[in-house]
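Undergrad: Enclosed is the structure file structure.cif (mmCIF, C-alpha atoms).
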```
data_run
loop_
_atom_site.label_atom_id
_atom_site.label_comp_id
_atom_site.auth_asym_id
_atom_site.auth_seq_id
_atom_site.Cartn_x
_atom_site.Cartn_y
_atom_site.Cartn_z
CA MET A 1 0.00 0.00 0.00
CA LYS A 2 1.31 3.41 -0.95
CA ILE A 3 1.02 6.08 1.71
CA SER A 4 1.83 9.59 0.47
CA ILE A 5 2.81 12.19 3.04
CA TRP A 6 3.59 15.89 2.71
CA GLY A 7 5.40 17.59 5.55
CA ASP A 8 8.24 19.76 6.77
CA TYR A 9 10.96 18.79 9.24
CA ALA A 10 10.39 22.03 11.17
CA CYS A 11 6.68 21.21 11.66
CA PRO A 12 5.83 19.68 15.07
CA TYR A 13 2.47 18.40 13.86
CA CYS A 14 4.18 16.58 10.99
CA TYR A 15 6.45 14.88 13.54
CA ILE A 16 3.46 13.89 15.68
CA GLY A 17 1.37 12.82 12.70
CA GLU A 18 4.09 10.64 11.20
CA THR A 19 4.79 9.10 14.61
CA ASN A 20 1.12 8.13 14.95
CA LEU A 21 1.16 6.72 11.43
CA GLN A 22 4.26 4.62 12.14
CA LYS A 23 2.70 3.30 15.35
CA ALA A 24 -0.47 2.30 13.49
CA ILE A 25 1.54 0.49 10.81
CA LYS A 26 3.57 -1.34 13.46
CA GLU A 27 0.51 -2.35 15.49
CA LEU A 28 -1.11 -3.74 12.34
CA GLY A 29 2.07 -5.66 11.51
CA VAL A 30 2.18 -4.43 7.92
CA GLN A 31 5.57 -2.72 7.94
CA ASP A 32 6.78 -4.73 4.95
CA LYS A 33 3.68 -3.94 2.92
CA ILE A 34 3.89 -0.13 3.04
CA ASP A 35 5.45 2.13 0.41
CA TYR A 36 6.32 5.19 2.51
CA ASP A 37 6.15 8.02 -0.03
CA LEU A 38 7.47 11.16 1.65
CA ASN A 39 6.97 14.47 -0.18
CA ALA A 40 8.36 17.90 0.58
CA PHE A 41 6.57 21.02 1.76
CA GLN A 42 8.42 24.00 3.21
CA ILE A 43 6.47 25.98 5.79
CA ASP A 44 8.87 28.91 5.78
CA LEU A 45 10.39 29.46 2.34
CA ASP A 46 12.20 32.56 3.56
CA ALA A 47 13.84 31.01 6.62
CA PRO A 48 17.53 31.97 6.84
CA LYS A 49 20.51 29.67 6.43
CA SER A 50 21.54 30.40 10.01
CA THR A 51 20.20 32.26 13.03
CA LYS A 52 21.23 33.05 16.58
CA GLN A 53 17.67 33.61 17.78
CA THR A 54 15.36 30.86 19.01
CA ASN A 55 11.79 30.57 17.82
CA ALA A 56 10.49 31.98 21.09
CA VAL A 57 12.82 34.98 21.00
CA LEU A 58 11.80 35.78 17.42
CA LEU A 59 8.10 35.42 18.27
CA ALA A 60 8.48 37.71 21.29
CA TYR A 61 10.12 40.33 19.08
CA GLU A 62 7.63 40.02 16.20
CA LYS A 63 4.56 40.15 18.46
CA ALA A 64 6.05 42.54 21.02
CA ILE A 65 5.15 40.16 23.85
CA PRO A 66 7.09 38.94 26.92
CA LEU A 67 9.42 36.01 26.32
CA ALA A 68 7.48 33.90 28.83
CA LYS A 69 4.31 34.36 26.79
CA ALA A 70 6.18 33.53 23.59
CA ASN A 71 7.51 30.33 25.15
CA ALA A 72 3.98 29.39 26.25
CA ALA A 73 2.78 29.64 22.65
CA TYR A 74 4.64 26.41 21.94
CA ASP A 75 3.23 24.48 24.91
CA HIS A 76 0.38 22.86 22.97
CA ALA A 77 2.65 21.13 20.46
CA LYS A 78 5.02 20.17 23.27
CA ALA A 79 2.19 18.51 25.21
CA MET A 80 0.89 16.73 22.12
CA GLY A 81 4.36 15.40 21.44
CA LYS A 82 4.83 14.23 25.01
CA ALA A 83 1.56 12.30 24.79
CA VAL A 84 3.01 10.16 21.99
CA GLY A 85 6.49 9.85 23.47
CA LEU A 86 8.23 12.71 21.66
CA THR A 87 10.32 15.54 23.07
CA ILE A 88 9.34 18.65 21.13
CA ASN A 89 11.32 21.70 22.18
CA GLU A 90 10.12 24.04 19.46
CA ALA A 91 10.44 27.19 21.56
CA THR A 92 14.21 26.72 21.90
CA ALA A 93 14.75 25.51 18.34
CA TYR A 94 16.43 27.59 15.64
CA ASN A 95 14.32 28.00 12.53
CA THR A 96 16.53 27.74 9.47
CA ASN A 97 15.75 26.91 5.86
CA THR A 98 14.76 23.27 5.28
CA MET A 99 15.30 23.17 1.50
CA ASP A 100 18.63 21.31 1.75
CA ALA A 101 17.17 18.76 4.16
CA HIS A 102 14.34 18.10 1.73
CA ARG A 103 16.75 17.89 -1.21
CA MET A 104 18.84 15.30 0.62
CA VAL A 105 15.80 13.15 1.39
CA GLN A 106 14.43 13.40 -2.15
CA TRP A 107 17.83 12.37 -3.53
CA ALA A 108 17.84 9.35 -1.20
CA LYS A 109 14.28 8.53 -2.20
CA ALA A 110 15.12 8.58 -5.90
CA THR A 111 18.44 6.77 -5.47
CA TYR A 112 17.66 3.95 -3.05
CA HIS A 113 13.91 3.30 -3.40
CA ASP A 114 13.93 2.23 0.25
CA SER A 115 10.83 3.22 2.25
CA LYS A 116 12.41 2.37 5.61
CA LEU A 117 15.45 4.51 4.84
CA ILE A 118 13.25 7.50 4.01
CA GLU A 119 11.21 6.99 7.17
CA ASN A 120 14.40 6.85 9.26
CA LEU A 121 15.88 9.95 7.62
CA ALA A 122 12.70 11.89 8.38
CA ASP A 123 12.66 10.71 12.00
CA ASP A 124 16.29 11.71 12.48
CA LEU A 125 15.74 15.16 10.97
CA PHE A 126 12.72 15.75 13.20
CA TYR A 127 14.73 14.64 16.22
CA ALA A 128 17.69 16.85 15.32
CA TYR A 129 15.46 19.91 15.10
CA PHE A 130 12.92 19.43 17.88
CA THR A 131 14.85 17.46 20.48
CA GLU A 132 18.46 18.47 19.87
CA ASN A 133 17.64 21.95 18.53
CA LYS A 134 20.11 21.69 15.67
CA GLU A 135 19.90 23.89 12.57
CA LEU A 136 18.52 21.94 9.63
CA ALA A 137 20.26 24.22 7.13
CA ASP A 138 23.65 23.26 8.60
CA HIS A 139 25.28 20.82 6.21
CA LYS A 140 27.24 19.21 9.04
CA VAL A 141 23.96 18.33 10.74
CA LEU A 142 22.60 16.88 7.50
CA LEU A 143 25.78 14.91 6.86
CA ASP A 144 25.63 13.48 10.39
CA VAL A 145 22.07 12.29 9.71
CA ALA A 146 23.21 10.83 6.40
CA LYS A 147 26.11 8.96 8.01
CA LYS A 148 23.84 7.58 10.72
CA ASN A 149 21.73 6.08 7.97
CA LYS A 150 24.79 4.68 6.17
CA LEU A 151 24.59 7.02 3.18
CA ASP A 152 27.82 7.82 1.36
CA PRO A 153 28.87 11.19 2.85
CA SER A 154 30.81 12.18 -0.26
CA GLU A 155 27.72 11.66 -2.43
CA VAL A 156 25.51 13.52 0.03
CA LYS A 157 27.99 16.41 0.15
CA LYS A 158 27.87 16.69 -3.64
CA ILE A 159 24.10 16.96 -3.49
CA LEU A 160 24.14 19.53 -0.68
CA ASP A 161 26.77 21.65 -2.43
CA SER A 162 24.62 21.81 -5.56
CA ASN A 163 21.02 22.72 -6.35
CA ALA A 164 20.13 19.14 -7.26
CA TYR A 165 16.56 18.08 -6.47
CA GLN A 166 15.46 21.63 -5.71
CA ASP A 167 13.10 21.37 -8.67
CA VAL A 168 11.68 18.14 -7.22
CA VAL A 169 11.02 19.80 -3.87
CA MET A 170 9.34 22.77 -5.54
CA GLN A 171 7.20 20.50 -7.72
CA GLU A 172 6.03 18.48 -4.72
CA GLU A 173 5.05 21.69 -2.95
CA ALA A 174 3.19 22.84 -6.08
CA ASP A 175 1.42 19.48 -6.32
CA LEU A 176 0.04 19.88 -2.82
CA GLU A 177 -1.00 23.49 -3.39
CA SER A 178 -2.77 22.42 -6.58
CA ARG A 179 -5.03 20.30 -4.36
CA GLY A 180 -6.01 23.44 -2.48
CA ILE A 181 -3.97 22.40 0.56
CA GLU A 182 -1.81 25.03 2.21
CA SER A 183 -0.78 23.32 5.44
CA VAL A 184 0.84 20.09 6.58
CA PRO A 185 0.86 17.28 7.53
CA TYR A 186 -1.23 15.89 4.70
CA PHE A 187 -1.74 12.19 4.00
CA ILE A 188 -3.21 10.13 1.17
CA ILE A 189 -3.91 6.56 2.29
CA ASN A 190 -5.79 4.05 0.18
CA GLY A 191 -7.31 6.89 -1.82
CA GLN A 192 -8.47 8.78 1.27
CA GLN A 193 -7.11 12.22 2.14
CA PHE A 194 -6.32 13.43 5.64
CA ASP A 195 -5.40 17.01 6.49
CA GLY A 196 -3.66 17.60 9.83
CA VAL A 197 -2.67 15.36 12.73
CA GLN A 198 -4.62 12.09 12.90
CA ASP A 199 -4.68 9.70 15.84
CA VAL A 200 -3.44 6.12 15.74
CA SER A 201 -6.94 4.65 15.61
CA THR A 202 -7.83 6.64 12.48
CA PHE A 203 -4.73 5.43 10.71
CA LYS A 204 -5.32 1.83 11.80
CA THR A 205 -8.87 1.92 10.52
CA VAL A 206 -8.09 3.21 7.03
CA ILE A 207 -4.97 1.04 6.61
CA GLY A 208 -6.63 -2.07 8.01
CA ALA A 209 -9.65 -1.61 5.78
CA GLY A 210 -7.34 -1.06 2.83
CA PHE A 211 -5.74 -4.45 3.42
CA GLY A 212 -9.14 -6.09 3.68
CA MET A 213 -8.79 -6.91 7.36
CA LYS A 214 -11.87 -7.70 9.36
CA PRO A 215 -12.87 -4.95 11.82
CA ASP A 216 -11.85 -7.00 14.87
CA GLU A 217 -8.33 -7.24 13.40
CA PHE A 218 -7.70 -3.51 13.49
CA LEU A 219 -10.35 -2.02 15.79
CA ASN A 220 -8.68 -3.39 18.89
CA PHE A 221 -7.83 -0.10 20.55
#
```
Hey, can you dump this file as structure tokens for me?

TA:
Amino acid sequence: MKISIWGDYACPYCYIGETNLQKAIKELGVQDKIDYDLNAFQIDLDAPKSTKQTNAVLLAYEKAIPLAKANAAYDHAKAMGKAVGLTINEATAYNTNTMDAHRMVQWAKATYHDSKLIENLADDLFYAYFTENKELADHKVLLDVAKKNKLDPSEVKKILDSNAYQDVVMQEEADLESRGIESVPYFIINGQQFDGVQDVSTFKTVIGAGFGMKPDEFLNF
């Protein structure tokens, strides 16, 4: 079964949504039957290559509000993440441009045709940003993620030092916008479309039904 996902590695709800999806797939025991088709969507096209200001500091400045109030603005996503076992420290993260991260993943997707690899790359990029608060535009960070997933660092460096796959990223973003969708995460599963974070039970229901399982095989939650 092909599952198409659009998201950004600086989007907490994408991290939560994909985590719920992965849990549903695991609980159904269909890991080897899923084609994990990850597509790019940049939330902030104008994000800088580097910054010294955290998300909370920038929000406090832009909205002219106390830093404590700016920090609190990220509490909802943090609590949602904690509920599914994730550490989401978005307030203290550094928002940098995610184009190169997307280009690296799309290169890996086209080169290796390995759904599990793409899933792992996405998880590691989410973790680097939200838990470790690393800059996703930093090529050293991206190379570390690549090495962890046993990708050839010299090949990855060539990709990062070029503009390769930028057109692919832009086309995937355009494809989503052509559907009238302007936010992520967005999922297409067994012909059904889901906009925003979905819970594990929703994913289990649509995937289980797609595989022709009887209700008592996937409605056990």

Undergrad: Pick out the residues sitting within 10 Å of A:Asp123, and hand them over as a CSV table (one decimal) with C-alpha atoms, in the frame of the given file; count only C-alpha atoms, and ignore anything fewer than 4 positions along from it in its own chain.

TA:
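And here is the file that came out, part30.csv:
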```
chain,number,residue,atom,x,y,z
A,9,TYR,CA,11.0,18.8,9.2
A,15,TYR,CA,6.4,14.9,13.5
A,18,GLU,CA,4.1,10.6,11.2
A,19,THR,CA,4.8,9.1,14.6
A,117,LEU,CA,15.4,4.5,4.8
A,118,ILE,CA,13.2,7.5,4.0
A,119,GLU,CA,11.2,7.0,7.2
A,127,TYR,CA,14.7,14.6,16.2
A,128,ALA,CA,17.7,16.8,15.3
A,145,VAL,CA,22.1,12.3,9.7
```

Undergrad: Nearest residue to A:Glu155 out of A:Ala108, A:Val169, A:Ile189, A:Leu21, using all atoms listed in the file?

TA: A:Ala108

Undergrad: Got a sec to resolve the PyMOL selection byres ((chain A and resi 134) around 12) on this structure and send the residues as a PDB file with C-alpha atoms, keeping the file's coordinate frame?

TA:
```pdb
ATOM      1  CA  TYR A   9      10.960  18.790   9.240  1.00  0.00           C
ATOM      2  CA  ALA A  10      10.390  22.030  11.170  1.00  0.00           C
ATOM      3  CA  SER A  50      21.540  30.400  10.010  1.00  0.00           C
ATOM      4  CA  THR A  51      20.200  32.260  13.030  1.00  0.00           C
ATOM      5  CA  LYS A  52      21.230  33.050  16.580  1.00  0.00           C
ATOM      6  CA  THR A  54      15.360  30.860  19.010  1.00  0.00           C
ATOM      7  CA  ASN A  89      11.320  21.700  22.180  1.00  0.00           C
ATOM      8  CA  GLU A  90      10.120  24.040  19.460  1.00  0.00           C
ATOM      9  CA  THR A  92      14.210  26.720  21.900  1.00  0.00           C
ATOM     10  CA  ALA A  93      14.750  25.510  18.340  1.00  0.00           C
ATOM     11  CA  TYR A  94      16.430  27.590  15.640  1.00  0.00           C
ATOM     12  CA  ASN A  95      14.320  28.000  12.530  1.00  0.00           C
ATOM     13  CA  THR A  96      16.530  27.740   9.470  1.00  0.00           C
ATOM     14  CA  ASN A  97      15.750  26.910   5.860  1.00  0.00           C
ATOM     15  CA  THR A  98      14.760  23.270   5.280  1.00  0.00           C
ATOM     16  CA  ASP A 124      16.290  11.710  12.480  1.00  0.00           C
ATOM     17  CA  LEU A 125      15.740  15.160  10.970  1.00  0.00           C
ATOM     18  CA  PHE A 126      12.720  15.750  13.200  1.00  0.00           C
ATOM     19  CA  TYR A 127      14.730  14.640  16.220  1.00  0.00           C
ATOM     20  CA  ALA A 128      17.690  16.850  15.320  1.00  0.00           C
ATOM     21  CA  TYR A 129      15.460  19.910  15.100  1.00  0.00           C
ATOM     22  CA  PHE A 130      12.920  19.430  17.880  1.00  0.00           C
ATOM     23  CA  THR A 131      14.850  17.460  20.480  1.00  0.00           C
ATOM     24  CA  GLU A 132      18.460  18.470  19.870  1.00  0.00           C
ATOM     25  CA  ASN A 133      17.640  21.950  18.530  1.00  0.00           C
ATOM     26  CA  GLU A 135      19.900  23.890  12.570  1.00  0.00           C
ATOM     27  CA  LEU A 136      18.520  21.940   9.630  1.00  0.00           C
ATOM     28  CA  ALA A 137      20.260  24.220   7.130  1.00  0.00           C
ATOM     29  CA  ASP A 138      23.650  23.260   8.600  1.00  0.00           C
ATOM     30  CA  HIS A 139      25.280  20.820   6.210  1.00  0.00           C
ATOM     31  CA  LYS A 140      27.240  19.210   9.040  1.00  0.00           C
ATOM     32  CA  VAL A 141      23.960  18.330  10.740  1.00  0.00           C
ATOM     33  CA  LEU A 142      22.600  16.880   7.500  1.00  0.00           C
ATOM     34  CA  ASP A 144      25.630  13.480  10.390  1.00  0.00           C
ATOM     35  CA  VAL A 145      22.070  12.290   9.710  1.00  0.00           C
TER      36      VAL A 145
END
```

Undergrad: Please indicate the distance in Å from atom CA of A:Cys14 to atom CA of A:Lys78, rounded to one decimal place.

TA: 12.8 Å

Undergrad: Mind listing whatever residues come within 12 Å of the point (16.5, 21.5, -5.6)? Use only C-alpha atoms, file coordinates, and give them as a ChimeraX atom specification.

TA: /A:40,98-107,159-173

Undergrad: Go ahead and write the selection's residues with C-alpha atoms as a PDB file, keeping the file's coordinate frame.

TA:
```pdb
ATOM      1  CA  ALA A  40       8.360  17.900   0.580  1.00  0.00           C
ATOM      2  CA  THR A  98      14.760  23.270   5.280  1.00  0.00           C
ATOM      3  CA  MET A  99      15.300  23.170   1.500  1.00  0.00           C
ATOM      4  CA  ASP A 100      18.630  21.310   1.750  1.00  0.00           C
ATOM      5  CA  ALA A 101      17.170  18.760   4.160  1.00  0.00           C
ATOM      6  CA  HIS A 102      14.340  18.100   1.730  1.00  0.00           C
ATOM      7  CA  ARG A 103      16.750  17.890  -1.210  1.00  0.00           C
ATOM      8  CA  MET A 104      18.840  15.300   0.620  1.00  0.00           C
ATOM      9  CA  VAL A 105      15.800  13.150   1.390  1.00  0.00           C
ATOM     10  CA  GLN A 106      14.430  13.400  -2.150  1.00  0.00           C
ATOM     11  CA  TRP A 107      17.830  12.370  -3.530  1.00  0.00           C
ATOM     12  CA  ILE A 159      24.100  16.960  -3.490  1.00  0.00           C
ATOM     13  CA  LEU A 160      24.140  19.530  -0.680  1.00  0.00           C
ATOM     14  CA  ASP A 161      26.770  21.650  -2.430  1.00  0.00           C
ATOM     15  CA  SER A 162      24.620  21.810  -5.560  1.00  0.00           C
ATOM     16  CA  ASN A 163      21.020  22.720  -6.350  1.00  0.00           C
ATOM     17  CA  ALA A 164      20.130  19.140  -7.260  1.00  0.00           C
ATOM     18  CA  TYR A 165      16.560  18.080  -6.470  1.00  0.00           C
ATOM     19  CA  GLN A 166      15.460  21.630  -5.710  1.00  0.00           C
ATOM     20  CA  ASP A 167      13.100  21.370  -8.670  1.00  0.00           C
ATOM     21  CA  VAL A 168      11.680  18.140  -7.220  1.00  0.00           C
ATOM     22  CA  VAL A 169      11.020  19.800  -3.870  1.00  0.00           C
ATOM     23  CA  MET A 170       9.340  22.770  -5.540  1.00  0.00           C
ATOM     24  CA  GLN A 171       7.200  20.500  -7.720  1.00  0.00           C
ATOM     25  CA  GLU A 172       6.030  18.480  -4.720  1.00  0.00           C
ATOM     26  CA  GLU A 173       5.050  21.690  -2.950  1.00  0.00           C
TER      27      GLU A 173
END
```

Undergrad: What do you get, as a PyMOL selection string, if you spell out every residue that the PyMOL selection byres ((chain A and resi 198) around 10) selects here?

TA: chain A and resi 13+16-18+20-21+185-187+194-197+199-203

Undergrad: Output as a tab-separated table (two decimals), in the coordinates of the input: stretch 28-48 of chain A, completed with N, CA and C atoms.

TA:
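This went into part04.tsv:
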```tsv
chain	number	residue	atom	x	y	z
A	28	LEU	N	-0.42	-2.89	13.30
A	28	LEU	CA	-1.11	-3.74	12.34
A	28	LEU	C	-0.20	-4.83	11.78
A	29	GLY	N	1.11	-4.67	12.00
A	29	GLY	CA	2.07	-5.66	11.51
A	29	GLY	C	2.23	-5.67	10.01
A	30	VAL	N	2.10	-4.49	9.39
A	30	VAL	CA	2.18	-4.43	7.92
A	30	VAL	C	3.38	-3.60	7.45
A	31	GLN	N	4.42	-3.54	8.29
A	31	GLN	CA	5.57	-2.72	7.94
A	31	GLN	C	6.15	-3.04	6.57
A	32	ASP	N	6.17	-4.31	6.21
A	32	ASP	CA	6.78	-4.73	4.95
A	32	ASP	C	5.85	-4.56	3.75
A	33	LYS	N	4.65	-4.08	4.00
A	33	LYS	CA	3.68	-3.94	2.92
A	33	LYS	C	3.38	-2.47	2.60
A	34	ILE	N	4.15	-1.56	3.20
A	34	ILE	CA	3.89	-0.13	3.04
A	34	ILE	C	4.98	0.53	2.19
A	35	ASP	N	4.55	1.28	1.20
A	35	ASP	CA	5.45	2.13	0.41
A	35	ASP	C	5.33	3.54	0.99
A	36	TYR	N	6.33	3.93	1.78
A	36	TYR	CA	6.32	5.19	2.51
A	36	TYR	C	6.79	6.30	1.57
A	37	ASP	N	5.85	7.02	0.98
A	37	ASP	CA	6.15	8.02	-0.03
A	37	ASP	C	6.15	9.42	0.58
A	38	LEU	N	7.34	9.88	0.95
A	38	LEU	CA	7.47	11.16	1.65
A	38	LEU	C	7.72	12.29	0.66
A	39	ASN	N	6.88	13.32	0.73
A	39	ASN	CA	6.97	14.47	-0.18
A	39	ASN	C	7.26	15.75	0.60
A	40	ALA	N	7.89	16.68	-0.07
A	40	ALA	CA	8.36	17.90	0.58
A	40	ALA	C	7.33	19.02	0.59
A	41	PHE	N	7.36	19.79	1.67
A	41	PHE	CA	6.57	21.02	1.76
A	41	PHE	C	7.25	21.93	2.77
A	42	GLN	N	7.76	23.05	2.32
A	42	GLN	CA	8.42	24.00	3.21
A	42	GLN	C	7.40	24.98	3.81
A	43	ILE	N	7.37	25.04	5.11
A	43	ILE	CA	6.47	25.98	5.79
A	43	ILE	C	6.98	27.41	5.66
A	44	ASP	N	8.29	27.58	5.81
A	44	ASP	CA	8.87	28.91	5.78
A	44	ASP	C	9.92	28.98	4.66
A	45	LEU	N	9.48	29.40	3.49
A	45	LEU	CA	10.39	29.46	2.34
A	45	LEU	C	11.50	30.48	2.54
A	46	ASP	N	11.23	31.48	3.37
A	46	ASP	CA	12.20	32.56	3.56
A	46	ASP	C	13.06	32.39	4.80
A	47	ALA	N	13.01	31.24	5.43
A	47	ALA	CA	13.84	31.01	6.62
A	47	ALA	C	15.32	31.15	6.25
A	48	PRO	N	16.12	31.72	7.14
A	48	PRO	CA	17.53	31.97	6.84
A	48	PRO	C	18.37	30.69	6.87
```
